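Asker: Dropping a structure here in structure tokens format, bear with me for questions.
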Amino acid sequence: MTPAAVWQHAIVTAVRGLTPTVREISLQFPTPVHAAPGAHINVEVVIDGLPDTRSYSVVRSAADGQVVIAVKSVENSRGGSRYMWTLDAGARLKVTAPVSQFEPSYGAPAYLLIAGGIGVTPMLSLARALRRTGAAPRLLYAVRNPEERAYAAELAEVAGDGLHVHVASEGQSIDIPAEIDALPEAGQLYMCGPMGLMDAVRSHWAGVGRDASLLRYENFGSGGRHAPQSFTVHVPRLGVEVQVAPNRSMLDALNEAGVATLFNCRRGECGLCAVDVVGLTGDIDHRDVFFSDEQHKSNRKICTCVSRVVNGDITIEPAWRGDPDLSRPEVLENSEMD
């Protein structure tokens with residue numbers, strides 16, 4: 001479980017389309033808020049009548065409490081983006097104040113920013129912040145087709161000659177090994193995007209022995225290698241079997257079934273929600289960035305907030321021991337000695 005967030009109501013003041021699949025949503029908070037570079041907000045969405053939480057990067061903010069985010073319509077979404085796309089000006093939305101866990105460390109000899117698709121949203125604020133310090137970040141932006149270049153004009157204004165857009169439909173891709181190898185030894189790399197892109201960056205970064213502390217990334221757990229499927233979670237010690245629907249997280253399904261699970265970020269970054277895997281009949285679609293590639297391959301742990309199982313079921317051992325059944329004499333006798 002996590003400390004309760006301070007929720008407040010914001011008003012949607014404007015909605016505009018940026019690309020065929022990306023909408024920008026302007027929110028007016030009831031009080032002034034500060035959004036540091038790389039900040040995000042949590043938003044309460046409603047999926048199949050049930051409340052859930054999603055995180056969105058802050059594109060820009062103003063001192064009067066206005067916060068702007070962008071939401072991509074995701075195929076095979078668990079429902080968050082579909083809900084956000086139903087919003088119009090005047091809608092009320094439950095939100096938390098901006099929090100940044102992705103603010104850049106200043107003073108590095110060089111900065112490389114890599115964005116894939118909607119992962120460009122935090123890069124705008126990072127690039128602006130770095131520019132204000134006199135740095136000239138190199139910003140690589142990968143999109144599927146020319147129509148999906150969200151914030152192209154703003155990026156060109158902020159990054160200038162440092163902006164390089166790679167359009168997959170035109171046969172363009174980021175040469176990740178070359179870009180990393182060209183970065184000075186003490187240079188910093190920041191990235192946000194689909195799992196495949198981030199895996200490739202992390203793999204080469206580690207493979208050439210780069211300092212792990214100089215690689216920073218943000219992930220909202222929205223994408224995996226497989227489309228979401230329903231699966232069953234077995235918890236033998238507690239005698240519980242939990243069905244996880246395609247549009248629900250394993251974390252929420254466990255907590256709703258009474259299997260209390262610790263959590264914090266809900267984005268696959270902190271690792272607090274991880275549980276032990278003791279049995280598996282399918283494959284784990286690891287969507288977190290907390291565990292290493294080697295740990296993912298071992299399938300000994302799973303981050304329940306974002307990761308899923310495909311083509312089978314999973315058996316876990318959670319940290320929660322369960323409440324004692326005080327109706328049983330032997331339990332009551334032992335509990336009185338605690």
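By order of appearance in the structure tokens: chains A, B, ..., then residues from 1 within every chain, and ligands from 1 in the order shown.
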Using the chain letters and numbers from this document, which residues of segment 29-255 of chain A does DSSP assign to strand (DSSP E or B), as a PyMOL selection string?
Answerer: chain A and resi 39-47+50-61+66-72+92-96+99-100+111-116+138-143+163-167+188-192+215-218+231-235+240-244
Asker: Can you pull out every residue from segment 82-135 of chain A that DSSP, working from the backbone, puts in helix (DSSP H, G or I), and format the result as a list in words?
Answerer: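 Matching residues for helix (DSSP H, G or I) in segment 82-135 of chain A are Arg82, Tyr83, Met84, Gly117, Ile118, Gly119, Val120, Thr121, Pro122, Met123, Leu124, Ser125, Leu126, Ala127, Arg128, Ala129, Leu130, Arg131 and Arg132 of chain A.
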Asker: Ranking A:Ser61, A:Thr232, A:Asn42, A:Asn247 by minimum distance to Leu27 of chain A and counting only C-alpha atoms, which one comes first?
Answerer: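 Using only C-alpha atoms, the shortest distance to Leu27 of chain A belongs to A:Ser61.
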Asker: Given the choices A:Ala129, A:Val306, A:Ile69, A:Leu254, which gets closest to Arg266 of chain A if the distance is worked out from only C-alpha atoms?
Answerer: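 Ranking A:Ala129, A:Val306, A:Ile69, A:Leu254 by distance to Arg266 of chain A, first place goes to A:Val306.
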Asker: Between A:Glu170, A:Pro246, A:Asp181, A:Asp285, which residue has the minimum interatomic distance to Val208 of chain A, considering only C-alpha atoms?
Answerer: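 Between A:Glu170, A:Pro246, A:Asp181, A:Asp285, the residue approaching Val208 of chain A most closely is A:Asp181.
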Asker: Would you list the contacts of segment 89-97 of chain A as a PDB file with N, CA and C atoms, in the first residue's frame, taking every protein, DNA or RNA residue within 10 Å and counting only C-alpha atoms, but skipping same-chain residues closer than 3 positions in sequence?
Answerer:
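Output contents, as saved in result_28.pdb:
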```
ATOM      1  N   ALA A   5      -2.466   9.831  -1.739  1.00  0.00           N
ATOM      2  CA  ALA A   5      -2.148  11.028  -2.509  1.00  0.00           C
ATOM      3  C   ALA A   5      -3.177  12.099  -2.189  1.00  0.00           C
ATOM      4  N   VAL A   6      -2.772  13.339  -2.345  1.00  0.00           N
ATOM      5  CA  VAL A   6      -3.690  14.450  -2.140  1.00  0.00           C
ATOM      6  C   VAL A   6      -4.379  14.740  -3.472  1.00  0.00           C
ATOM      7  N   TRP A   7      -5.622  14.349  -3.568  1.00  0.00           N
ATOM      8  CA  TRP A   7      -6.374  14.532  -4.799  1.00  0.00           C
ATOM      9  C   TRP A   7      -7.139  15.847  -4.765  1.00  0.00           C
ATOM     10  N   GLN A   8      -7.279  16.453  -5.922  1.00  0.00           N
ATOM     11  CA  GLN A   8      -8.049  17.673  -6.066  1.00  0.00           C
ATOM     12  C   GLN A   8      -8.752  17.656  -7.411  1.00  0.00           C
ATOM     13  N   HIS A   9      -9.678  18.551  -7.608  1.00  0.00           N
ATOM     14  CA  HIS A   9     -10.419  18.586  -8.859  1.00  0.00           C
ATOM     15  C   HIS A   9      -9.876  19.679  -9.775  1.00  0.00           C
ATOM     16  N   ALA A  10      -9.571  19.296 -10.998  1.00  0.00           N
ATOM     17  CA  ALA A  10      -9.161  20.248 -12.029  1.00  0.00           C
ATOM     18  C   ALA A  10     -10.247  20.304 -13.091  1.00  0.00           C
ATOM     19  N   ILE A  11     -10.292  21.418 -13.805  1.00  0.00           N
ATOM     20  CA  ILE A  11     -11.264  21.610 -14.869  1.00  0.00           C
ATOM     21  C   ILE A  11     -10.555  21.552 -16.212  1.00  0.00           C
ATOM     22  N   VAL A  12     -11.104  20.783 -17.141  1.00  0.00           N
ATOM     23  CA  VAL A  12     -10.570  20.751 -18.498  1.00  0.00           C
ATOM     24  C   VAL A  12     -10.963  22.059 -19.183  1.00  0.00           C
ATOM     25  N   THR A  13      -9.965  22.836 -19.588  1.00  0.00           N
ATOM     26  CA  THR A  13     -10.248  24.130 -20.215  1.00  0.00           C
ATOM     27  C   THR A  13     -10.149  24.078 -21.736  1.00  0.00           C
ATOM     28  N   ALA A  14      -9.420  23.110 -22.271  1.00  0.00           N
ATOM     29  CA  ALA A  14      -9.294  23.008 -23.729  1.00  0.00           C
ATOM     30  C   ALA A  14      -8.803  21.628 -24.107  1.00  0.00           C
ATOM     31  N   VAL A  15      -9.230  21.182 -25.261  1.00  0.00           N
ATOM     32  CA  VAL A  15      -8.765  19.912 -25.836  1.00  0.00           C
ATOM     33  C   VAL A  15      -8.463  20.171 -27.311  1.00  0.00           C
ATOM     34  N   ARG A  16      -7.294  19.747 -27.763  1.00  0.00           N
ATOM     35  CA  ARG A  16      -6.973  19.913 -29.180  1.00  0.00           C
ATOM     36  C   ARG A  16      -6.208  18.709 -29.686  1.00  0.00           C
ATOM     37  N   ILE A  25      -4.535  18.060 -23.619  1.00  0.00           N
ATOM     38  CA  ILE A  25      -5.595  18.416 -22.687  1.00  0.00           C
ATOM     39  C   ILE A  25      -5.057  19.454 -21.708  1.00  0.00           C
ATOM     40  N   SER A  26      -5.706  20.618 -21.668  1.00  0.00           N
ATOM     41  CA  SER A  26      -5.318  21.683 -20.744  1.00  0.00           C
ATOM     42  C   SER A  26      -6.196  21.605 -19.507  1.00  0.00           C
ATOM     43  N   LEU A  27      -5.576  21.662 -18.348  1.00  0.00           N
ATOM     44  CA  LEU A  27      -6.274  21.542 -17.070  1.00  0.00           C
ATOM     45  C   LEU A  27      -6.039  22.778 -16.221  1.00  0.00           C
ATOM     46  N   GLN A  28      -7.066  23.228 -15.567  1.00  0.00           N
ATOM     47  CA  GLN A  28      -6.937  24.334 -14.624  1.00  0.00           C
ATOM     48  C   GLN A  28      -7.060  23.791 -13.205  1.00  0.00           C
ATOM     49  N   PHE A  29      -5.959  23.851 -12.453  1.00  0.00           N
ATOM     50  CA  PHE A  29      -5.964  23.419 -11.060  1.00  0.00           C
ATOM     51  C   PHE A  29      -6.607  24.506 -10.193  1.00  0.00           C
ATOM     52  N   THR A  31      -5.600  25.703  -7.402  1.00  0.00           N
ATOM     53  CA  THR A  31      -4.584  26.557  -6.797  1.00  0.00           C
ATOM     54  C   THR A  31      -3.325  26.510  -7.649  1.00  0.00           C
ATOM     55  N   PRO A  32      -2.448  27.488  -7.539  1.00  0.00           N
ATOM     56  CA  PRO A  32      -1.193  27.454  -8.299  1.00  0.00           C
ATOM     57  C   PRO A  32      -0.385  26.207  -7.961  1.00  0.00           C
ATOM     58  N   VAL A  33       0.241  25.618  -8.956  1.00  0.00           N
ATOM     59  CA  VAL A  33       1.089  24.442  -8.759  1.00  0.00           C
ATOM     60  C   VAL A  33       2.401  24.664  -9.491  1.00  0.00           C
ATOM     61  N   HIS A  34       3.415  23.968  -9.040  1.00  0.00           N
ATOM     62  CA  HIS A  34       4.733  24.052  -9.684  1.00  0.00           C
ATOM     63  C   HIS A  34       5.054  22.716 -10.330  1.00  0.00           C
ATOM     64  N   ALA A  35       5.408  22.744 -11.598  1.00  0.00           N
ATOM     65  CA  ALA A  35       5.793  21.533 -12.310  1.00  0.00           C
ATOM     66  C   ALA A  35       7.267  21.630 -12.679  1.00  0.00           C
ATOM     67  N   ALA A  39       8.155  16.539 -14.823  1.00  0.00           N
ATOM     68  CA  ALA A  39       7.082  16.235 -13.883  1.00  0.00           C
ATOM     69  C   ALA A  39       5.944  15.472 -14.556  1.00  0.00           C
ATOM     70  N   HIS A  40       5.167  14.782 -13.728  1.00  0.00           N
ATOM     71  CA  HIS A  40       3.956  14.114 -14.196  1.00  0.00           C
ATOM     72  C   HIS A  40       2.857  14.344 -13.161  1.00  0.00           C
ATOM     73  N   ILE A  41       1.622  14.121 -13.576  1.00  0.00           N
ATOM     74  CA  ILE A  41       0.494  14.153 -12.653  1.00  0.00           C
ATOM     75  C   ILE A  41      -0.201  12.805 -12.708  1.00  0.00           C
ATOM     76  N   ASN A  42      -0.862  12.451 -11.623  1.00  0.00           N
ATOM     77  CA  ASN A  42      -1.726  11.275 -11.607  1.00  0.00           C
ATOM     78  C   ASN A  42      -3.159  11.728 -11.854  1.00  0.00           C
ATOM     79  N   VAL A  43      -3.874  10.952 -12.607  1.00  0.00           N
ATOM     80  CA  VAL A  43      -5.241  11.279 -12.981  1.00  0.00           C
ATOM     81  C   VAL A  43      -6.132  10.092 -12.669  1.00  0.00           C
ATOM     82  N   GLU A  44      -7.299  10.363 -12.084  1.00  0.00           N
ATOM     83  CA  GLU A  44      -8.262   9.286 -11.866  1.00  0.00           C
ATOM     84  C   GLU A  44      -9.097   9.102 -13.129  1.00  0.00           C
ATOM     85  N   VAL A  45      -9.067   7.896 -13.667  1.00  0.00           N
ATOM     86  CA  VAL A  45      -9.877   7.549 -14.834  1.00  0.00           C
ATOM     87  C   VAL A  45     -10.936   6.547 -14.388  1.00  0.00           C
ATOM     88  N   THR A  53      -6.089   4.648 -11.863  1.00  0.00           N
ATOM     89  CA  THR A  53      -5.144   5.765 -11.893  1.00  0.00           C
ATOM     90  C   THR A  53      -4.205   5.646 -13.084  1.00  0.00           C
ATOM     91  N   ARG A  54      -3.963   6.756 -13.745  1.00  0.00           N
ATOM     92  CA  ARG A  54      -2.985   6.823 -14.817  1.00  0.00           C
ATOM     93  C   ARG A  54      -2.076   8.026 -14.576  1.00  0.00           C
ATOM     94  N   SER A  55      -0.865   7.969 -15.123  1.00  0.00           N
ATOM     95  CA  SER A  55       0.095   9.062 -14.993  1.00  0.00           C
ATOM     96  C   SER A  55       0.379   9.657 -16.362  1.00  0.00           C
ATOM     97  N   GLY A  65      -1.796  27.954 -12.265  1.00  0.00           N
ATOM     98  CA  GLY A  65      -2.376  26.642 -12.009  1.00  0.00           C
ATOM     99  C   GLY A  65      -2.774  25.880 -13.256  1.00  0.00           C
ATOM    100  N   VAL A  67      -2.095  23.395 -16.219  1.00  0.00           N
ATOM    101  CA  VAL A  67      -1.198  22.280 -16.526  1.00  0.00           C
ATOM    102  C   VAL A  67      -1.665  21.637 -17.818  1.00  0.00           C
ATOM    103  N   MET A  84      -9.771   9.195 -21.240  1.00  0.00           N
ATOM    104  CA  MET A  84      -9.262  10.558 -21.392  1.00  0.00           C
ATOM    105  C   MET A  84      -9.725  11.189 -22.699  1.00  0.00           C
ATOM    106  N   THR A  86     -12.578  10.903 -23.978  1.00  0.00           N
ATOM    107  CA  THR A  86     -13.989  11.298 -23.901  1.00  0.00           C
ATOM    108  C   THR A  86     -14.157  12.685 -23.292  1.00  0.00           C
TER     109      THR A  86
END
```
Asker: Within 10 Å of Ser213 of chain A, counting only C-alpha atoms, which residues show up once you throw out same-chain ones fewer than 2 positions away? Write them as a VMD selection string, please.
Answerer: chain A and resid 188 to 189 210 to 211 215 to 216
Asker: Could you work out how far atom CA of Ala115 of chain A lies from atom CA of Ser249 of chain A, giving the answer in Å with one decimal?
Answerer: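 Going from atom CA of Ser249 of chain A over to atom CA of Ala115 of chain A, I get 25.3 Å.
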Asker: With only C-alpha atoms as the atoms that count, which of A:Tyr56, A:Phe263, A:Tyr217, A:Phe231 lies nearest to Asp199 of chain A?
Answerer: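 Checking each of A:Tyr56, A:Phe263, A:Tyr217, A:Phe231 against Asp199 of chain A, counting only C-alpha atoms, the winner is A:Tyr217.
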Asker: What's around Asp313 of chain A at 7 Å? Count only C-alpha atoms, leave out sequence neighbours fewer than 3 positions away in its own chain, and write the answer as an MDAnalysis selection string.
Answerer: chainID A and resid 231:233 280:282 309
Asker: Can you pull out every residue within 12 Å of Thr261 of chain A, counting only C-alpha atoms, but drop anything in the same chain fewer than 2 positions away, and send it as a VMD selection string?
Answerer: chain A and resid 1 to 2 250 to 259 263 to 264 266 271 to 276 303 to 305 316 to 322
Asker: Quick one: everything within 8 Å of Thr21 of chain A, counting only C-alpha atoms, minus sequence neighbours fewer than 6 positions away in the same chain. Send it as an mmCIF file with N, CA and C atoms, in the first residue's frame.
Answerer:
```cif
data_model
loop_
_atom_site.group_PDB
_atom_site.id
_atom_site.type_symbol
_atom_site.label_atom_id
_atom_site.label_comp_id
_atom_site.auth_asym_id
_atom_site.auth_seq_id
_atom_site.Cartn_x
_atom_site.Cartn_y
_atom_site.Cartn_z
ATOM 1 N N LYS A 72 -2.095 9.818 -25.674
ATOM 2 C CA LYS A 72 -2.133 9.041 -26.916
ATOM 3 C C LYS A 72 -3.227 7.980 -26.848
ATOM 4 N N SER A 73 -3.982 7.852 -27.902
ATOM 5 C CA SER A 73 -4.966 6.778 -28.003
ATOM 6 C C SER A 73 -4.228 5.492 -28.333
ATOM 7 N N VAL A 74 -4.208 4.575 -27.383
ATOM 8 C CA VAL A 74 -3.389 3.374 -27.504
ATOM 9 C C VAL A 74 -4.248 2.179 -27.895
ATOM 10 N N GLU A 148 2.590 11.646 -37.090
ATOM 11 C CA GLU A 148 2.645 11.438 -35.646
ATOM 12 C C GLU A 148 3.722 12.276 -34.957
#
```
Asker: Quick one: pull the distance between atom CA of Ile284 of chain A and atom CA of His296 of chain A, Å, one decimal.
Answerer: 8.4 Å
Asker: Grab the atom CA of Gln229 of chain A to atom CA of Glu269 of chain A distance for me, in Å with one decimal place.
Answerer: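 Separating atom CA of Gln229 of chain A from atom CA of Glu269 of chain A is a distance of 22.2 Å.
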Asker: Between A:Asp88, A:Glu157, A:Glu147, A:Glu294, which one has atoms that come closest to Ala206 of chain A, using only C-alpha atoms?
Answerer: A:Glu294
Asker: Let me make sure I understand: among A:Val201, A:Val158, A:Val240, A:Val289, which one has the smallest atom-to-atom distance to Asp175 of chain A if we use only C-alpha atoms?
Answerer: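 Selected residue with least distance to Asp175 of chain A: A:Val201.
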